[in-house]
Amino acid sequence: MNRRWHAELGWLPGQGVQRDVLIEAEGDRFSAVNVGALWADSPPGTVRLKGLTLPGLANAHSHAFHRALRGITQAGSGTFWTWRERMYQVAGRLEPDSYLALARAAYAEMSLAGITCVGEFHYLHHGPDGVPYADPNAMGRAVLTAAAEAGIRITLLDTCYLAGGLSAGGRSEPLSGPQLRFGDGDADRWAARVEALGPDSGGLLGRYARAGAAIHSVRAVPPGQMHPVVAWTHRYGAPLHAHLSEQRAENQACRAAYGASPAKVLDRAGALGPGSTVVHATHLTERDVQLLGGSRTCACFCPTTEADLADGIGPARALATAGSPLSVGSDSNAVVDLFEEARGIELTQRLATGQRGHFSADELARAATVAGHACLGWPDAGEIAAGGLADLVTVALDTPRLAGTAAATALESVVFAATAADVRNVVSGGRDVVRDGRHLLVPDVPAALSAAIRAVLD
Ligand SMILES: [Zn+2]
């Protein structure tokens, strides 16, 4: 089906914000983009997009089920590790049906926020006590179904998670309690299970779903078990993600166990490179920054989660300068708002350094769009350009937050002041998913979230 939109303002690659942009698509891809086309001259059937239209946003790091913990984990104080215990309680209660309902509702919230593609860092694989379901990929398939039903493209980052952690002295501890559900025994069995998802030779699981892999962290995967995961990603050209140096305790235990930083351990395992993404990258040495940047490894920042969990502030500017593309993720889904994540990269650098202007609005918007898609294995998405996947996000400029926006600084206004609530229209692969702020596939998103969360907490 051919479609046509007229964007009052559109953010275009290499051209910045332009007025009166006529955007055409054939099927799920853009076929033409023309600037300076007056609305009055638009052909019949053209959809008018008032406000600033961006390409689809990519949420490069999500754990959908953490959405059930929003607010609950803000009561009292606690640490990253007490937060993890509460998260394990929810993980312990999910079954394929309840996981599907929760993930579908969480992804619908993401669609309303302008996210058209999600990287789901998925480690909740097996039944309680670690007994596989009849289909050992029942939980992964629930996530894939949830994304399809919410109209969001997905990279299922199937996560290898073999050990319960590293003791302060560097001893690898076995999985226990709720963690038993995460483990496949060893990395070869992990690879065999992922293989059963049935990716095609390019790693696709469907038109809008891709398989990827993750090494949960150096805490959860011993270095000797990393090779099968890396080899699997090479076979399919699939993206590889890993949590990296989120907490200082992880670095200390890693040094005690392996005599090297987590980044160096991943490097030795061949897990860094342009197809790889490290998530958080908070507590790095200068040598780590050079390893990541020099290998063109992407760094995914999740500023709202990193603030929520008191992780710290990673060296975003140093990484970008060293050569790492940056992307953003909502991670724990304590907040789902990629505008807040994108500006969080710049604002946390300001707080850490006492200086402004580390990243331009254009660089931050690229992190939330084209760079995020690339790190999830969708290099042909995230830009409004002929040939790319036809994803559009229109941000209204007549809301209380954005009224008074000037065309010349519309991107700055949106990156630094918009919220998810300002998103009006979302098109994914040429198909409307959100129209006038309403989700077309999940009719009552708050009710869906509320029912799904109640089902796992009660
Ligand atoms: Zn995470």
# chains A, B, ... in the order shown; residues from 1 in each chain; ligands from 1
>>> residues_around(residues="range 10-26 of chain A", least_positions_apart="2", cutoff="9 Å", atoms="only C-alpha atoms", output="PyMOL selection string")
chain A and resi 1-8+28-39+42+46+51-55+362+383-387+389-390+394+407-411+430
>>> closest_atom_pairs(of="chain A", to="ligand 1", cutoff="7 Å", atoms="only C-alpha atoms and all ligand atoms", output="CSV")
residue,atom,partner,partner_atom_place_in_ligand_line,distance
A:His61,CA,ligand 1,1 (Zn),6.4
A:Ser62,CA,ligand 1,1 (Zn),6.5
A:His63,CA,ligand 1,1 (Zn),6.4
A:Phe121,CA,ligand 1,1 (Zn),6.9
A:His243,CA,ligand 1,1 (Zn),6.4
A:Asp331,CA,ligand 1,1 (Zn),5.0
A:Ser332,CA,ligand 1,1 (Zn),6.5
>>> write_last_selection(atoms="C-alpha atoms", output="PDB file, in the first residue's frame")
ATOM      1  CA  HIS A  61      17.687  -1.762  26.289  1.00  0.00           C
ATOM      2  CA  SER A  62      14.517  -2.996  27.992  1.00  0.00           C
ATOM      3  CA  HIS A  63      13.500  -5.567  30.557  1.00  0.00           C
ATOM      4  CA  PHE A 121      17.287  -8.118  27.026  1.00  0.00           C
ATOM      5  CA  HIS A 243      25.701  -5.187  30.781  1.00  0.00           C
ATOM      6  CA  ASP A 331      16.148  -0.495  30.953  1.00  0.00           C
ATOM      7  CA  SER A 332      14.121  -1.013  34.163  1.00  0.00           C
TER       8      SER A 332
END
>>> residues_around(residues="Leu376 in chain A", least_positions_apart="6", cutoff="9 Å", atoms="only C-alpha atoms", output="PyMOL selection string")
chain A and resi 58+60+117-119+154-155+157+210+212+238-241+275+277
>>> write_last_selection(atoms="N, CA and C atoms", output="PDB file, in the first residue's frame")
ATOM      1  N   ALA A  58      14.241   4.243  18.904  1.00  0.00           N
ATOM      2  CA  ALA A  58      14.672   2.880  19.236  1.00  0.00           C
ATOM      3  C   ALA A  58      15.053   2.809  20.710  1.00  0.00           C
ATOM      4  N   ALA A  60      16.948   0.804  23.033  1.00  0.00           N
ATOM      5  CA  ALA A  60      17.963  -0.235  22.823  1.00  0.00           C
ATOM      6  C   ALA A  60      18.149  -1.173  24.010  1.00  0.00           C
ATOM      7  N   CYS A 117      10.828   0.496  17.984  1.00  0.00           N
ATOM      8  CA  CYS A 117      11.694  -0.684  17.987  1.00  0.00           C
ATOM      9  C   CYS A 117      12.276  -0.851  19.385  1.00  0.00           C
ATOM     10  N   VAL A 118      12.234  -2.081  19.890  1.00  0.00           N
ATOM     11  CA  VAL A 118      12.747  -2.335  21.242  1.00  0.00           C
ATOM     12  C   VAL A 118      13.766  -3.468  21.211  1.00  0.00           C
ATOM     13  N   GLY A 119      14.807  -3.321  22.008  1.00  0.00           N
ATOM     14  CA  GLY A 119      15.751  -4.408  22.249  1.00  0.00           C
ATOM     15  C   GLY A 119      15.425  -5.016  23.604  1.00  0.00           C
ATOM     16  N   ILE A 154      10.997  -5.654  17.136  1.00  0.00           N
ATOM     17  CA  ILE A 154      11.757  -6.146  18.289  1.00  0.00           C
ATOM     18  C   ILE A 154      13.037  -6.855  17.861  1.00  0.00           C
ATOM     19  N   THR A 155      14.069  -6.668  18.657  1.00  0.00           N
ATOM     20  CA  THR A 155      15.223  -7.552  18.625  1.00  0.00           C
ATOM     21  C   THR A 155      15.220  -8.292  19.950  1.00  0.00           C
ATOM     22  N   LEU A 157      16.976 -10.047  22.404  1.00  0.00           N
ATOM     23  CA  LEU A 157      18.370 -10.258  22.822  1.00  0.00           C
ATOM     24  C   LEU A 157      18.362 -11.395  23.826  1.00  0.00           C
ATOM     25  N   ARG A 210      13.791  -9.795  15.115  1.00  0.00           N
ATOM     26  CA  ARG A 210      15.147 -10.258  14.848  1.00  0.00           C
ATOM     27  C   ARG A 210      15.683 -10.920  16.105  1.00  0.00           C
ATOM     28  N   GLY A 212      18.843 -11.676  18.516  1.00  0.00           N
ATOM     29  CA  GLY A 212      20.159 -11.206  18.921  1.00  0.00           C
ATOM     30  C   GLY A 212      20.549 -11.971  20.169  1.00  0.00           C
ATOM     31  N   ALA A 238      24.245 -11.323  13.973  1.00  0.00           N
ATOM     32  CA  ALA A 238      23.282 -10.836  14.967  1.00  0.00           C
ATOM     33  C   ALA A 238      23.970  -9.918  15.979  1.00  0.00           C
ATOM     34  N   PRO A 239      23.239  -8.940  16.509  1.00  0.00           N
ATOM     35  CA  PRO A 239      23.832  -8.065  17.521  1.00  0.00           C
ATOM     36  C   PRO A 239      24.120  -8.817  18.829  1.00  0.00           C
ATOM     37  N   LEU A 240      25.160  -8.354  19.516  1.00  0.00           N
ATOM     38  CA  LEU A 240      25.541  -8.922  20.816  1.00  0.00           C
ATOM     39  C   LEU A 240      25.562  -7.797  21.847  1.00  0.00           C
ATOM     40  N   HIS A 241      24.809  -7.959  22.923  1.00  0.00           N
ATOM     41  CA  HIS A 241      24.766  -6.942  23.984  1.00  0.00           C
ATOM     42  C   HIS A 241      25.283  -7.529  25.303  1.00  0.00           C
ATOM     43  N   GLY A 275      29.454  -4.757  15.987  1.00  0.00           N
ATOM     44  CA  GLY A 275      28.156  -5.419  16.167  1.00  0.00           C
ATOM     45  C   GLY A 275      27.771  -5.578  17.623  1.00  0.00           C
ATOM     46  N   THR A 277      27.195  -4.108  21.700  1.00  0.00           N
ATOM     47  CA  THR A 277      26.739  -2.968  22.499  1.00  0.00           C
ATOM     48  C   THR A 277      26.936  -3.289  23.969  1.00  0.00           C
TER      49      THR A 277
END
>>> atom_distance(atom1="CA of Val456 in chain A", atom2="CA of Ala214 in chain A")
25.5 Å
>>> residues_around(residues="His439 in chain A", least_positions_apart="2", cutoff="12 Å", atoms="only C-alpha atoms", output="ChimeraX atom specification")
/A:105,107-114,149-152,423-427,432-437,441-446,448
>>> write_last_selection(atoms="C-alpha atoms", output="PDB file, in the first residue's frame")
ATOM      1  CA  ALA A 105       1.081  -3.620  27.872  1.00  0.00           C
ATOM      2  CA  TYR A 107       5.336  -2.287  24.754  1.00  0.00           C
ATOM      3  CA  ALA A 108       2.056  -0.463  24.141  1.00  0.00           C
ATOM      4  CA  GLU A 109       3.214   2.187  26.626  1.00  0.00           C
ATOM      5  CA  MET A 110       6.447   2.376  24.608  1.00  0.00           C
ATOM      6  CA  SER A 111       4.516   2.834  21.343  1.00  0.00           C
ATOM      7  CA  LEU A 112       2.584   5.721  22.872  1.00  0.00           C
ATOM      8  CA  ALA A 113       5.979   7.231  23.775  1.00  0.00           C
ATOM      9  CA  GLY A 114       7.122   7.092  20.122  1.00  0.00           C
ATOM     10  CA  GLU A 149       0.456  -7.362  19.196  1.00  0.00           C
ATOM     11  CA  ALA A 150       1.643  -3.936  20.382  1.00  0.00           C
ATOM     12  CA  GLY A 151       2.875  -2.974  16.883  1.00  0.00           C
ATOM     13  CA  ILE A 152       6.530  -2.599  17.887  1.00  0.00           C
ATOM     14  CA  VAL A 423       3.803  12.172  21.078  1.00  0.00           C
ATOM     15  CA  ARG A 424       0.684  12.372  18.872  1.00  0.00           C
ATOM     16  CA  ASN A 425       1.192   9.994  15.960  1.00  0.00           C
ATOM     17  CA  VAL A 426       3.335   6.930  15.436  1.00  0.00           C
ATOM     18  CA  VAL A 427       3.777   5.046  12.176  1.00  0.00           C
ATOM     19  CA  ASP A 432      -0.413   3.608  11.921  1.00  0.00           C
ATOM     20  CA  VAL A 433       0.124   2.427  15.492  1.00  0.00           C
ATOM     21  CA  VAL A 434      -0.761   5.606  17.403  1.00  0.00           C
ATOM     22  CA  ARG A 435      -3.163   8.229  16.079  1.00  0.00           C
ATOM     23  CA  ASP A 436      -3.944  11.429  17.991  1.00  0.00           C
ATOM     24  CA  GLY A 437      -2.350   9.954  21.103  1.00  0.00           C
ATOM     25  CA  LEU A 441      -3.915  -2.030  18.615  1.00  0.00           C
ATOM     26  CA  VAL A 442      -4.190  -1.956  22.425  1.00  0.00           C
ATOM     27  CA  PRO A 443      -7.298   0.170  22.976  1.00  0.00           C
ATOM     28  CA  ASP A 444      -6.867   0.934  26.694  1.00  0.00           C
ATOM     29  CA  VAL A 445      -3.178   0.878  27.567  1.00  0.00           C
ATOM     30  CA  PRO A 446      -3.562   2.005  31.216  1.00  0.00           C
ATOM     31  CA  ALA A 448      -3.914  -3.323  30.164  1.00  0.00           C
TER      32      ALA A 448
END
>>> closest_atom_pairs(of="range 104-181 of chain A", to="range 246-270 of chain A", cutoff="9 Å", atoms="only C-alpha atoms", output="tab-separated table")
residue	atom	partner	partner_atom	distance
A:Gly165	CA	A:Glu250	CA	8.9
A:Leu166	CA	A:Ala253	CA	5.9
A:Ser167	CA	A:Ala253	CA	6.3
A:Ala168	CA	A:Ala253	CA	4.9
A:Gly169	CA	A:Ala256	CA	5.7
A:Gly170	CA	A:Ala257	CA	3.9
A:Arg171	CA	A:Ala257	CA	6.3
A:Ser172	CA	A:Ala257	CA	7.9
>>> write_last_selection(atoms="N, CA and C atoms", output="PDB file, in the first residue's frame")
ATOM      1  N   GLY A 165      26.611 -15.008  40.215  1.00  0.00           N
ATOM      2  CA  GLY A 165      27.368 -13.801  40.499  1.00  0.00           C
ATOM      3  C   GLY A 165      28.794 -14.143  40.847  1.00  0.00           C
ATOM      4  N   LEU A 166      29.553 -13.080  41.136  1.00  0.00           N
ATOM      5  CA  LEU A 166      30.932 -13.253  41.590  1.00  0.00           C
ATOM      6  C   LEU A 166      30.989 -12.768  43.027  1.00  0.00           C
ATOM      7  N   SER A 167      31.584 -13.553  43.907  1.00  0.00           N
ATOM      8  CA  SER A 167      31.750 -13.088  45.289  1.00  0.00           C
ATOM      9  C   SER A 167      32.792 -11.968  45.278  1.00  0.00           C
ATOM     10  N   ALA A 168      32.857 -11.211  46.388  1.00  0.00           N
ATOM     11  CA  ALA A 168      33.833 -10.115  46.462  1.00  0.00           C
ATOM     12  C   ALA A 168      35.245 -10.642  46.225  1.00  0.00           C
ATOM     13  N   GLY A 169      35.469 -11.899  46.587  1.00  0.00           N
ATOM     14  CA  GLY A 169      36.784 -12.496  46.388  1.00  0.00           C
ATOM     15  C   GLY A 169      36.984 -13.033  44.981  1.00  0.00           C
ATOM     16  N   GLY A 170      35.950 -12.942  44.145  1.00  0.00           N
ATOM     17  CA  GLY A 170      36.093 -13.341  42.746  1.00  0.00           C
ATOM     18  C   GLY A 170      35.688 -14.780  42.463  1.00  0.00           C
ATOM     19  N   ARG A 171      34.949 -15.403  43.387  1.00  0.00           N
ATOM     20  CA  ARG A 171      34.514 -16.781  43.147  1.00  0.00           C
ATOM     21  C   ARG A 171      33.180 -16.761  42.399  1.00  0.00           C
ATOM     22  N   SER A 172      33.058 -17.603  41.355  1.00  0.00           N
ATOM     23  CA  SER A 172      31.807 -17.688  40.610  1.00  0.00           C
ATOM     24  C   SER A 172      30.805 -18.508  41.423  1.00  0.00           C
TER      25      SER A 172
END
>>> residues_around(residues="Thr159 in chain A", least_positions_apart="6", cutoff="10 Å", atoms="only C-alpha atoms", output="number ranges by chain")
A: 120-125, 182-184, 190, 194, 212-217, 221, 229, 240-242
